[in-house]
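Next up, entry_9.cif (mmCIF, C-alpha atoms):
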```
data_final
#
loop_
_atom_site.label_atom_id
_atom_site.label_comp_id
_atom_site.auth_asym_id
_atom_site.auth_seq_id
_atom_site.Cartn_x
_atom_site.Cartn_y
_atom_site.Cartn_z
CA MET A 756 32.27 173.09 110.24
CA ASP A 757 28.74 174.30 110.23
CA PHE A 758 26.32 172.92 107.71
CA LEU A 759 22.79 174.26 107.85
CA GLY A 760 23.19 175.24 111.44
CA THR A 761 24.40 171.80 112.62
CA ASN A 762 27.74 171.73 114.29
CA LEU A 763 29.27 168.42 113.17
CA ASP A 764 32.24 168.84 115.44
CA LYS A 765 29.92 168.90 118.40
CA LEU A 766 27.77 166.07 117.11
CA PHE A 767 30.67 163.64 116.66
CA SER A 768 32.84 165.14 119.38
CA THR A 769 35.86 164.97 117.03
CA ASN A 770 37.69 167.76 118.83
CA ASP A 771 37.55 165.91 122.06
CA ASN A 772 38.86 162.40 122.82
CA SER A 773 37.00 162.15 126.10
CA ASN A 774 34.09 160.15 124.64
CA PRO A 775 35.42 156.71 123.56
CA LEU A 776 31.98 155.16 123.94
CA MET A 777 30.55 157.39 121.21
CA TRP A 778 33.54 156.57 119.08
CA LEU A 779 32.84 152.84 119.45
CA VAL A 780 29.12 153.27 118.80
CA TRP A 781 29.94 154.77 115.39
CA ILE A 782 33.00 152.84 114.32
CA VAL A 783 32.25 149.26 115.45
CA PRO A 784 29.01 148.84 113.49
CA ILE A 785 30.75 150.15 110.38
CA PHE A 786 33.39 147.42 110.67
CA VAL A 787 30.80 144.79 111.55
CA PHE A 788 28.75 145.64 108.48
CA MET A 789 31.85 145.83 106.30
CA LEU A 790 32.98 142.37 107.34
CA TYR A 791 29.69 140.56 108.00
CA GLY A 792 27.09 142.65 106.11
CA GLN A 793 26.44 140.02 103.48
CA ARG A 794 26.09 137.27 106.06
CA ILE A 795 23.61 139.33 108.09
CA GLN A 796 21.62 140.03 104.94
CA LEU A 797 21.78 136.31 104.07
CA GLN A 798 20.34 135.46 107.50
CA VAL A 799 17.49 137.97 107.18
CA THR A 800 16.65 136.86 103.61
CA SER A 801 16.99 133.19 104.57
CA SER A 802 14.44 133.49 107.34
CA GLU A 803 11.94 135.09 104.90
CA ILE A 804 12.49 132.37 102.30
CA ASN A 805 12.30 129.69 104.98
CA LYS A 806 8.83 130.94 105.94
CA GLY A 807 7.76 130.73 102.28
CA LEU A 808 9.27 127.26 102.02
CA GLU A 809 7.33 126.07 105.08
CA LYS A 810 4.15 127.43 103.49
CA LEU A 811 4.93 125.65 100.21
CA LYS A 812 5.47 122.40 102.12
CA SER A 813 2.13 122.75 103.88
CA TYR A 814 0.37 123.49 100.54
CA ARG A 815 1.93 120.40 98.99
CA ASP A 816 1.05 118.19 101.96
CA ASP A 817 -2.51 119.55 102.24
CA THR A 818 -3.29 119.10 98.53
CA ARG A 819 -1.72 115.63 98.53
CA LYS A 820 -3.91 114.63 101.47
CA GLU A 821 -6.98 116.20 99.84
CA LEU A 822 -6.40 114.20 96.64
CA ILE A 823 -5.86 110.91 98.47
CA ASP A 824 -8.99 111.45 100.61
CA TYR A 825 -11.01 112.46 97.54
CA ILE A 826 -10.01 109.30 95.68
CA LYS A 827 -10.72 107.11 98.71
CA ASN A 828 -14.15 108.69 99.27
CA THR A 829 -15.40 108.92 95.69
CA LEU A 830 -13.82 105.92 93.94
CA LYS A 831 -13.57 103.62 96.96
CA PRO A 832 -10.63 101.68 95.44
CA SER A 833 -10.04 98.10 96.56
CA GLU A 834 -6.44 98.86 97.57
CA ASP A 835 -4.83 101.93 99.17
CA PRO A 836 -3.84 104.29 96.30
CA THR A 837 -1.30 106.29 98.40
CA SER A 838 1.89 104.56 97.21
CA LYS A 839 0.73 104.67 93.58
CA LEU A 840 -0.10 108.38 93.85
CA ASP A 841 3.20 109.19 95.58
CA ARG A 842 4.95 107.70 92.55
CA TYR A 843 2.87 109.86 90.16
CA PHE A 844 3.79 113.04 92.09
CA GLU A 845 7.44 112.46 91.21
CA TYR A 846 6.86 112.23 87.44
CA PHE A 847 9.08 114.43 85.32
CA THR A 848 9.25 115.34 81.64
CA ILE A 849 12.50 115.54 79.68
CA MET A 850 12.20 118.11 76.92
CA PRO A 851 13.74 117.16 73.55
CA SER A 852 17.24 118.35 72.74
CA ASP A 853 17.20 121.81 71.16
CA MET A 854 20.76 121.81 69.81
CA ASP A 855 19.14 121.61 66.38
CA PRO A 856 15.70 123.23 66.92
CA ASN A 857 14.45 122.27 63.46
CA GLY A 858 11.42 119.98 63.90
CA ILE A 859 11.35 120.28 67.69
CA VAL A 860 7.60 121.09 67.97
CA PRO A 861 6.31 117.64 66.91
CA LYS A 862 8.79 116.09 69.32
CA ILE A 863 7.53 118.26 72.23
CA ARG A 864 3.92 117.48 71.27
CA HIS A 865 4.71 113.75 71.21
CA ILE A 866 6.33 113.85 74.66
CA MET A 867 3.55 115.97 76.20
CA ARG A 868 0.83 113.73 74.76
CA THR A 869 2.62 110.63 76.00
CA ARG A 870 2.58 112.17 79.48
CA GLU A 871 -1.11 113.21 79.23
CA ASP A 872 -2.25 109.83 77.87
CA SER A 873 -0.21 107.88 80.37
CA THR A 874 -1.45 109.95 83.35
CA ARG A 875 -5.05 109.53 82.19
CA GLU A 876 -4.62 105.76 81.89
CA GLN A 877 -3.04 105.55 85.33
CA VAL A 878 -5.88 107.54 86.89
CA LYS A 879 -8.37 105.23 85.16
CA SER A 880 -6.56 102.23 86.62
CA LEU A 881 -7.37 103.46 90.17
CA SER A 882 -10.93 102.14 89.84
CA GLN A 883 -12.91 100.13 87.30
CA ASP A 884 -16.04 102.24 87.67
CA ILE A 885 -14.44 105.63 87.24
CA SER A 886 -16.38 108.01 84.96
CA HIS A 887 -14.84 110.22 82.28
CA VAL A 888 -15.60 113.42 84.25
CA GLU A 889 -14.13 111.98 87.46
CA THR A 890 -10.97 110.87 85.59
CA SER A 891 -10.47 114.38 84.21
CA LYS A 892 -11.01 115.99 87.64
CA ILE A 893 -8.48 113.69 89.34
CA THR A 894 -5.97 114.18 86.49
CA ASN A 895 -6.18 117.95 86.98
CA ILE A 896 -5.79 117.73 90.76
CA LEU A 897 -2.85 115.38 90.25
CA GLU A 898 -1.23 117.98 87.97
CA ALA A 899 -1.73 120.65 90.66
CA VAL A 900 -0.12 118.49 93.37
CA THR A 901 2.77 117.54 91.05
CA THR A 902 3.39 121.23 90.25
CA LEU A 903 3.35 122.13 93.97
CA GLN A 904 5.79 119.29 94.64
CA LEU A 905 8.09 120.60 91.90
CA LEU A 906 7.90 124.20 93.17
CA TYR A 907 8.70 123.07 96.71
CA LYS A 908 11.67 120.99 95.60
CA MET A 909 13.12 123.75 93.36
CA VAL A 910 12.84 126.46 96.05
CA ARG A 911 14.31 124.11 98.65
CA HIS A 912 17.20 123.26 96.32
CA PHE A 913 18.21 126.90 95.71
CA PHE A 914 17.69 127.80 99.38
CA LEU A 915 19.80 124.96 100.73
CA THR A 916 22.54 125.46 98.13
CA ALA A 917 22.80 129.19 99.01
CA LYS A 918 22.93 128.39 102.73
CA LYS A 919 25.42 125.56 102.34
CA GLN A 920 27.83 127.74 100.40
CA ASN A 921 27.02 130.97 102.29
CA ASN A 922 26.37 132.38 98.82
CA PHE A 923 24.34 135.57 99.13
CA PRO A 924 24.10 136.40 95.38
CA LEU A 925 22.56 132.97 94.76
CA ILE A 926 19.69 133.68 97.14
CA LEU A 927 18.85 137.09 95.63
CA PRO A 928 17.02 135.82 92.49
CA LEU A 929 15.09 133.41 94.71
CA GLN A 930 14.06 136.26 97.02
CA MET A 931 12.83 138.24 94.01
CA MET A 932 10.91 135.26 92.58
CA MET A 933 9.33 134.15 95.89
CA PRO A 934 6.21 136.40 95.71
CA PHE A 935 5.41 135.09 92.20
CA ILE A 936 6.05 131.48 93.21
CA MET A 937 3.87 131.89 96.32
CA GLU A 938 1.05 133.47 94.26
CA GLU A 939 1.05 130.51 91.89
CA ALA A 940 1.27 128.03 94.76
CA GLU A 941 -1.68 129.64 96.58
CA ALA A 942 -3.69 129.58 93.35
CA LEU A 943 -2.93 125.87 92.85
CA LYS A 944 -3.97 125.11 96.42
CA ILE A 945 -7.32 126.91 96.03
CA ALA A 946 -7.81 125.37 92.56
CA VAL A 947 -8.01 121.87 94.06
CA SER A 948 -11.30 122.71 95.77
CA ALA A 949 -12.85 124.02 92.51
CA PHE A 950 -11.73 120.88 90.65
CA LYS A 951 -13.13 118.58 93.35
CA GLN A 952 -16.55 120.20 93.15
CA GLY A 953 -16.54 120.52 89.36
CA GLN A 954 -16.91 124.31 89.43
CA PRO A 955 -16.00 126.40 86.36
CA ILE A 956 -12.65 128.21 86.61
CA GLY A 957 -11.65 131.58 85.12
CA ASP A 958 -9.87 129.86 82.22
CA GLY A 959 -13.22 128.29 81.26
CA ILE A 960 -14.69 131.57 80.00
CA GLY A 961 -13.79 130.77 76.34
CA PRO A 962 -15.56 127.36 76.34
CA MET A 963 -18.48 128.93 78.29
CA ILE A 964 -19.07 131.60 75.64
CA VAL A 965 -18.77 129.17 72.73
CA GLY A 966 -20.79 126.54 74.63
CA LYS A 967 -23.68 128.99 74.90
CA MET A 968 -23.48 129.72 71.16
CA MET A 969 -23.55 125.95 70.52
CA LEU A 970 -26.74 125.35 72.56
CA ASP A 971 -29.56 123.87 70.42
CA THR A 972 -27.10 122.57 67.81
CA GLU A 973 -26.02 118.98 67.26
CA LYS A 974 -22.67 118.43 68.95
CA LYS A 975 -20.35 115.83 67.39
CA PRO A 976 -16.96 114.57 68.64
CA ILE A 977 -14.07 115.59 66.37
CA ALA A 978 -10.85 115.04 68.34
CA LEU A 979 -9.91 113.74 71.78
CA GLU A 980 -12.30 115.34 74.34
CA THR A 981 -13.30 117.94 71.72
CA VAL A 982 -16.66 118.59 70.07
CA TRP A 983 -17.86 120.69 67.16
CA SER A 984 -21.18 121.88 65.75
CA GLU A 985 -22.49 124.24 63.09
CA LYS A 986 -25.29 126.76 62.70
CA ASP A 987 -26.52 129.41 60.28
CA PHE A 988 -26.18 133.09 61.03
CA GLU A 989 -27.45 135.86 58.76
CA GLY A 990 -26.75 133.89 55.56
CA ARG A 991 -23.39 132.69 56.81
CA LYS A 992 -22.31 129.36 58.29
CA ILE A 993 -20.58 129.24 61.66
CA TYR A 994 -18.62 126.23 62.93
CA PHE A 995 -17.88 125.95 66.63
CA ILE A 996 -15.13 124.01 68.43
CA LYS A 997 -14.72 123.56 72.17
CA ALA A 998 -13.47 120.98 74.66
CA GLU A 999 -16.16 118.51 75.72
CA GLY A 1000 -17.61 119.63 79.04
CA PRO A 1001 -18.35 119.42 81.85
CA ALA A 1002 -15.14 117.39 82.14
CA ALA A 1003 -11.94 119.10 83.27
CA THR A 1004 -10.18 119.21 79.92
CA VAL A 1005 -8.84 121.63 77.31
CA GLY A 1006 -9.43 119.14 74.50
CA ARG A 1007 -7.36 119.20 71.33
CA PRO A 1008 -8.53 122.26 69.36
CA ALA A 1009 -5.62 122.16 66.89
CA ASP A 1010 -6.41 118.57 65.86
CA ALA A 1011 -10.09 119.53 65.57
CA LEU A 1012 -9.22 122.51 63.36
CA GLU A 1013 -7.12 120.33 61.05
CA LYS A 1014 -9.98 117.85 60.71
CA ILE A 1015 -12.54 120.56 59.94
CA LEU A 1016 -10.24 122.12 57.34
CA ALA A 1017 -9.92 118.77 55.60
CA ASP A 1018 -13.42 119.13 54.12
CA LYS A 1019 -14.60 122.66 54.99
CA LYS A 1020 -13.01 125.99 54.25
CA PRO A 1021 -13.82 128.67 56.83
CA ASP A 1022 -13.01 132.20 55.68
CA ILE A 1023 -12.04 133.41 59.15
CA ILE A 1024 -11.14 131.89 62.50
CA VAL A 1025 -12.16 133.60 65.76
CA MET A 1026 -10.50 132.38 68.95
CA VAL A 1027 -11.81 133.21 72.44
CA ASP A 1028 -9.59 132.64 75.43
CA ALA A 1029 -8.68 133.89 78.91
CA ALA A 1030 -5.50 135.98 79.03
CA LEU A 1031 -3.27 137.10 81.86
CA LYS A 1032 -3.98 140.71 82.80
CA LEU A 1033 -1.28 143.24 83.48
CA GLU A 1034 -1.22 144.75 86.98
CA GLY A 1035 -3.73 147.60 87.04
CA GLU A 1036 -6.01 146.07 84.39
CA GLU A 1037 -9.50 145.11 85.50
CA THR A 1038 -10.56 141.50 85.90
CA GLY A 1039 -13.04 140.59 83.16
CA SER A 1040 -11.99 143.37 80.80
CA ILE A 1041 -12.10 142.39 77.14
CA ALA A 1042 -9.55 142.98 74.37
CA GLN A 1043 -9.58 142.13 70.69
CA GLY A 1044 -6.57 141.32 68.55
CA PHE A 1045 -5.08 139.08 65.91
CA GLY A 1046 -3.37 135.71 66.07
CA ALA A 1047 -3.96 132.39 67.78
CA ALA A 1048 -5.21 133.02 71.31
CA ILE A 1049 -4.18 129.83 73.04
CA GLY A 1050 -1.81 129.21 75.95
CA GLY A 1051 -0.02 126.10 77.08
CA ILE A 1052 3.43 124.97 76.07
CA GLY A 1053 3.00 126.33 72.52
CA THR A 1054 2.51 123.20 70.41
CA GLU A 1055 -1.25 123.77 69.87
CA ARG A 1056 -0.61 127.39 68.89
CA PHE A 1057 2.12 126.32 66.46
CA GLN A 1058 -0.21 123.77 64.84
CA ILE A 1059 -3.09 126.27 64.52
CA GLU A 1060 -0.82 128.98 63.07
CA GLU A 1061 0.68 126.53 60.59
CA VAL A 1062 -2.69 125.28 59.34
CA ALA A 1063 -4.18 128.79 59.13
CA THR A 1064 -1.13 130.09 57.23
CA LYS A 1065 -1.23 127.15 54.82
CA HIS A 1066 -4.89 127.85 54.00
CA ASN A 1067 -4.45 131.64 54.19
CA ILE A 1068 -7.18 132.08 56.82
CA PRO A 1069 -7.05 135.20 59.02
CA ILE A 1070 -7.21 134.57 62.78
CA TYR A 1071 -9.00 137.03 65.08
CA ALA A 1072 -8.72 136.82 68.85
CA ILE A 1073 -10.82 137.98 71.78
CA VAL A 1074 -9.38 137.66 75.25
CA ILE A 1075 -10.88 138.10 78.71
CA LYS A 1076 -8.32 139.44 81.18
CA GLN A 1077 -7.65 137.84 84.57
CA SER A 1078 -4.80 137.05 86.94
CA ILE A 1079 -3.08 133.67 87.16
CA LYS A 1080 -4.97 132.99 90.40
CA GLU A 1081 -8.34 133.91 88.87
CA ALA A 1082 -7.60 131.73 85.83
CA ILE A 1083 -7.30 128.50 87.82
CA THR A 1084 -9.78 129.12 90.65
CA LEU A 1085 -13.59 129.45 90.76
CA MET A 1086 -14.74 131.83 87.99
CA LYS A 1087 -15.34 135.33 89.36
CA LYS A 1088 -18.59 137.18 88.64
CA GLU A 1089 -16.74 139.89 86.71
CA ILE A 1090 -15.41 137.22 84.32
CA SER A 1091 -18.72 135.42 83.81
CA ASP A 1092 -20.49 138.76 83.27
CA SER A 1093 -18.27 139.46 80.27
CA SER A 1094 -19.79 136.54 78.32
CA ASP A 1095 -22.69 138.44 76.69
CA ILE A 1096 -20.46 141.30 75.52
CA VAL A 1097 -17.92 138.85 74.06
CA THR A 1098 -20.70 136.94 72.26
CA SER A 1099 -21.92 140.11 70.54
CA GLN A 1100 -18.31 141.00 69.66
CA ILE A 1101 -17.83 137.57 68.02
CA TYR A 1102 -20.94 138.14 65.87
CA ASP A 1103 -19.69 141.66 65.00
CA ILE A 1104 -16.31 140.27 63.87
CA ILE A 1105 -18.06 137.64 61.75
CA LYS A 1106 -20.39 140.22 60.15
CA ALA A 1107 -17.54 142.65 59.47
CA ASN A 1108 -15.12 140.12 58.01
CA THR A 1109 -17.31 137.70 56.06
CA LYS A 1110 -19.92 138.12 53.35
CA THR A 1111 -23.12 136.13 53.06
CA ASP A 1112 -22.55 132.50 51.97
CA GLN A 1113 -19.12 132.55 53.58
CA CYS A 1114 -18.30 130.76 56.81
CA ALA A 1115 -16.49 131.37 60.08
CA LEU A 1116 -14.97 129.09 62.67
CA VAL A 1117 -15.21 130.02 66.35
CA ILE A 1118 -12.95 128.23 68.86
CA GLY A 1119 -13.51 128.48 72.63
CA VAL A 1120 -10.13 127.82 74.23
CA GLY A 1121 -9.59 126.82 77.86
CA ASN A 1122 -10.38 124.26 80.53
CA THR A 1123 -14.08 123.45 80.30
CA ILE A 1124 -14.56 122.06 83.82
CA GLY A 1125 -18.13 122.65 84.95
CA VAL A 1126 -19.18 123.96 81.53
CA ALA A 1127 -21.23 121.79 79.17
CA GLN A 1128 -22.42 122.77 75.67
CA MET B 1372 3.47 145.86 106.58
CA ILE B 1373 2.90 148.61 104.03
CA PHE B 1374 1.40 146.34 101.34
CA LYS B 1375 -0.90 143.94 103.15
CA LYS B 1376 -2.35 141.23 100.90
CA LYS B 1377 -6.13 140.82 101.02
CA ASN B 1378 -7.32 137.26 101.27
CA GLU B 1379 -10.52 136.97 99.26
CA ILE B 1380 -12.93 134.13 99.92
CA LEU B 1381 -15.32 133.38 97.08
CA ASP B 1382 -18.81 131.97 97.66
CA PRO B 1383 -20.02 129.91 94.69
CA TYR B 1384 -23.45 130.70 93.15
CA SER B 1385 -25.47 129.17 90.32
CA PHE B 1386 -27.44 131.54 88.10
CA GLU B 1387 -30.52 129.96 86.50
CA GLN B 1388 -32.68 131.20 83.63
CA CYS B 1389 -35.96 130.01 82.10
CA THR B 1390 -35.65 129.40 78.34
CA SER B 1391 -39.22 130.62 77.79
CA CYS B 1392 -40.00 133.55 80.13
CA ASN B 1393 -36.31 134.46 80.84
CA LYS B 1394 -37.00 134.57 84.59
CA THR B 1395 -33.69 134.45 86.44
CA THR B 1396 -32.78 133.21 89.89
CA LYS B 1397 -29.52 133.16 91.82
CA ARG B 1398 -28.92 130.45 94.37
CA LYS B 1399 -26.06 128.81 96.24
CA PHE B 1400 -24.02 126.33 94.17
CA LYS B 1401 -24.92 122.68 94.76
CA GLU B 1402 -22.58 119.78 94.02
CA GLY B 1403 -23.47 118.36 90.60
CA ASP B 1404 -24.29 121.77 89.12
CA PHE B 1405 -22.63 122.70 85.83
CA VAL B 1406 -23.17 125.46 83.29
CA PHE B 1407 -25.96 124.67 80.74
CA LYS B 1408 -27.37 121.90 82.93
CA LYS B 1409 -31.13 121.54 82.53
CA THR B 1410 -32.58 121.49 86.01
CA GLU B 1411 -36.40 121.60 86.12
CA LYS B 1412 -39.52 123.02 84.46
CA CYS B 1413 -40.20 126.69 85.14
CA VAL B 1414 -42.90 127.14 87.78
CA SER B 1415 -43.57 130.74 86.69
CA CYS B 1416 -44.60 130.15 83.08
CA GLY B 1417 -45.20 126.41 83.29
CA ASN B 1418 -43.72 125.44 79.92
CA GLY B 1419 -40.15 126.75 79.99
CA GLN B 1420 -37.04 124.81 80.90
CA ILE B 1421 -34.74 126.15 83.60
CA ILE B 1422 -31.04 125.95 82.74
CA ILE B 1423 -27.98 127.05 84.68
CA THR B 1424 -26.45 129.84 82.58
CA LYS B 1425 -23.62 130.85 84.87
CA ILE B 1426 -21.71 129.60 87.89
CA PHE B 1427 -19.50 132.17 89.57
CA GLY B 1428 -17.89 133.17 92.83
CA GLU B 1429 -18.65 136.35 94.72
CA VAL B 1430 -16.42 137.76 97.42
CA THR B 1431 -17.79 137.08 100.91
CA LYS B 1432 -18.42 140.32 102.80
#
```
Please, can you express the file's structure as structure tokens?
Amino acid sequence: MDFLGTNLDKLFSTNDNSNPLMWLVWIVPIFVFMLYGQRIQLQVTSSEINKGLEKLKSYRDDTRKELIDYIKNTLKPSEDPTSKLDRYFEYFTIMPSDMDPNGIVPKIRHIMRTREDSTREQVKSLSQDISHVETSKITNILEAVTTLQLLYKMVRHFFLTAKKQNNFPLILPLQMMMPFIMEEAEALKIAVSAFKQGQPIGDGIGPMIVGKMMLDTEKKPIALETVWSEKDFEGRKIYFIKAEGPAATVGRPADALEKILADKKPDIIVMVDAALKLEGEETGSIAQGFGAAIGGIGTERFQIEEVATKHNIPIYAIVIKQSIKEAITLMKKEISDSSDIVTSQIYDIIKANTKTDQCALVIGVGNTIGVAQ
Amino acid sequence: MIFKKKNEILDPYSFEQCTSCNKTTKRKFKEGDFVFKKTEKCVSCGNGQIIITKIFGEVTK
């Protein structure tokens, strides 16, 4: 046999039985990999996941310690809050049964609001002198620690189950998901520092843009942690809605919209929000579209879509692209620099889609930490 | 490793602007700063109000 000038007979010494060592070198590994290949792969993958798990554990422990120290230093509570906080970290939410999905959205909203309200009240109970802004900051940090705790426990569960049962296929999806889980975990860890210092985060770009448009207008509360105002623009009326800053809150824009629609009839709605960029897209790039630009579990979006459909109001959206990490950590310059362009695009949309004497409603969606109005 | 992840560290800055003469300054973020916070009177024009218009992070070089 002679392929491309290589003599395979010579290479493997098949015509000669005098080299048993070479024979073993080729045959033994083949049998080893045939019989134990999956286990070897399981060991290699396990050690990679174990490293990630250790990192997740350190993130959870670091953020937990940071939160406890922050509460002790800023609120100076009369009793040690550690045991109380450890109980909060274990909180879970049971989603409503979806066997009959009809009417499930109000049920989800009810459960989520119960959780939000209860967490807020428990944070308030840590100290009598706690301010509204401080409560919102601690609530957000608490959410970050709880999420890290949940991520750690889920990864550990799948990892230990796969190891216990020597089940290689079970560990494969975990190996594929680990980079995404670690990215989110790292973002949550860094986010704690921004929340502690009250710095704006990438997600706050929507409230920042609308907050600037609201400057020099009279701001009035309309829903929980949500304000609105109005101003005239080239013969038109513009209403603005945003979460009340500089607290760390997203407010309740859907409730605010419903209340405004009860006695005013905007002809268009423009929503401004941060959106997750696709890999390769630039941070801070802007895109326009249609529909309710609002994230979260989906109940706010459902409510806004329902109200807008009922009143036949078109919804326009402007989004500012960023990664998950950029959305929950200190706002990058590229994101904040997009604000002037977005503002002029909002006015362009209003001019193009309304006539004089008509009115528009602009909603800035996102967490307004570090952004007033 | 072929794909080495870069670890970016962001330094926070506050960007201030005078409402009257539009003079802008960039300084390090101080605790208590927030966007649209009125800080002090403008020393350049004497009658304008300085407000923080942006707070952002820049990558440390």
Output as a Markdown table one row per residue of chain A within 6 Å of chain B: the closest atom pair and its distance in Å to one decimal place, counting all atoms listed in the file, sorted by chain and residue number ascending.
```
| residue | atom | partner | partner_atom | distance |
| --- | --- | --- | --- | --- |
| A:Met1086 | CA | B:Phe1427 | CA | 5.0 |
| A:Lys1087 | CA | B:Gly1428 | CA | 4.8 |
| A:Lys1088 | CA | B:Phe1427 | CA | 5.2 |
| A:Gly1125 | CA | B:Phe1405 | CA | 4.6 |
| A:Val1126 | CA | B:Val1406 | CA | 4.6 |
| A:Ala1127 | CA | B:Phe1407 | CA | 5.8 |
```
Next on the checklist: Evaluate the PyMOL selection byres ((chain A and resi 994) around 8) against this structure - the residues, as a VMD selection string, please.
Outcome noted: chain A and resid 983 to 986 992 to 993 995 to 996 1114 to 1117
Item to check | Contacts of Pro832 in chain A within 6 Å, only C-alpha atoms, excl. fewer than 2 positions in-chain, as an NGL selection string | outcome: :A and (830 or 834 or 882)
How would the residues just picked look written out with C-alpha atoms as a short mmCIF file (atom, residue, chain, number, x, y, z; two decimals), in the frame of the given file?
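So selection-v1.cif came out as:
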```
data_model
loop_
_atom_site.label_atom_id
_atom_site.label_comp_id
_atom_site.auth_asym_id
_atom_site.auth_seq_id
_atom_site.Cartn_x
_atom_site.Cartn_y
_atom_site.Cartn_z
CA LEU A 830 -13.82 105.92 93.94
CA GLU A 834 -6.44 98.86 97.57
CA SER A 882 -10.93 102.14 89.84
#
```
Next on the checklist: as a list in words, please: the residues near Val1005 in chain A (cut-off 8 Å, all atoms listed in the file, same-chain neighbours under 4 positions excluded).
Outcome noted: Glu980, Ala998, Val1120, Gly1121, Asn1122 and Thr1123 of chain A
Checklist entry - Could you state the separation of CA of Ala1082 in chain A and CA of Ala949 in chain A in Å, given to one decimal place? => result 11.5 Å
Centre, edges in Å (one decimal): axis-aligned box, range 1416-1429 of chain B, 6 Å padding on all six sides, as AutoDock Vina command-line options:
```
--center_x -31.5 --center_y 130.6 --center_z 87.3 --size_x 39.3 --size_y 23.5 --size_z 26.8
```
Checklist entry - Which neighbours of Gly1417 in chain B fall inside 12 Å, counting all atoms listed in the file, when residues of the same chain fewer than 4 positions from it are skipped, and could you give them as number ranges by chain? => result B: 1389-1392, 1394, 1411-1413, 1421
Checklist entry - Counting all atoms listed in the file, what is within 12 Å of Ile849 in chain A, bar same-chain residues fewer than 2 positions away, as a PyMOL selection string? => result chain A and resi 846-847+851-853+862-863+865-867+869-870
Checklist entry - When you draw a straight line from CA of Val965 in chain A to CA of Gln952 in chain A, how long is it in Å? => result 22.4 Å
Checklist entry - Written as an MDAnalysis selection string, what is the full residue list that the PyMOL selection byres ((chain A and resi 817-829) around 10) yields on the file shown? => result chainID A and resid 811:816 830:837 840:841 844 878 881:882 885 889 893 896:897 899:901 903:904 943:948 951
Next on the checklist: Quick one: residues within 10 Å of Glu1037 in chain A, only C-alpha atoms, excluding same-chain residues fewer than 4 positions away - as a list in words?
Outcome noted: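 In the requested format, the answer is Lys1032, Leu1033, Ile1041, Ile1075, Lys1076, Gln1077, Ser1078, Glu1089 and Ile1090 of chain A.
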Checklist entry - For the point (-8.1, 133.6, 93.7) in file coordinates, what residues are within 8 Å, counting all atoms listed in the file? Give the answer as a list in words? => result Ala942, Ile945, Lys1080, Glu1081, Ile1083, Thr1084 and Leu1085 of chain A; Glu1379, Ile1380 and Leu1381 of chain B
Filtering to C-alpha atoms, could you give me those residues as a PDB file, keeping the file's coordinate frame?
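So the final result, stored in selection39.pdb, reads:
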```pdb
ATOM      1  CA  ALA A 942      -3.690 129.580  93.350  1.00  0.00           C
ATOM      2  CA  ILE A 945      -7.320 126.910  96.030  1.00  0.00           C
ATOM      3  CA  LYS A1080      -4.970 132.990  90.400  1.00  0.00           C
ATOM      4  CA  GLU A1081      -8.340 133.910  88.870  1.00  0.00           C
ATOM      5  CA  ILE A1083      -7.300 128.500  87.820  1.00  0.00           C
ATOM      6  CA  THR A1084      -9.780 129.120  90.650  1.00  0.00           C
ATOM      7  CA  LEU A1085     -13.590 129.450  90.760  1.00  0.00           C
TER       8      LEU A1085
ATOM      9  CA  GLU B1379     -10.520 136.970  99.260  1.00  0.00           C
ATOM     10  CA  ILE B1380     -12.930 134.130  99.920  1.00  0.00           C
ATOM     11  CA  LEU B1381     -15.320 133.380  97.080  1.00  0.00           C
TER      12      LEU B1381
END
```
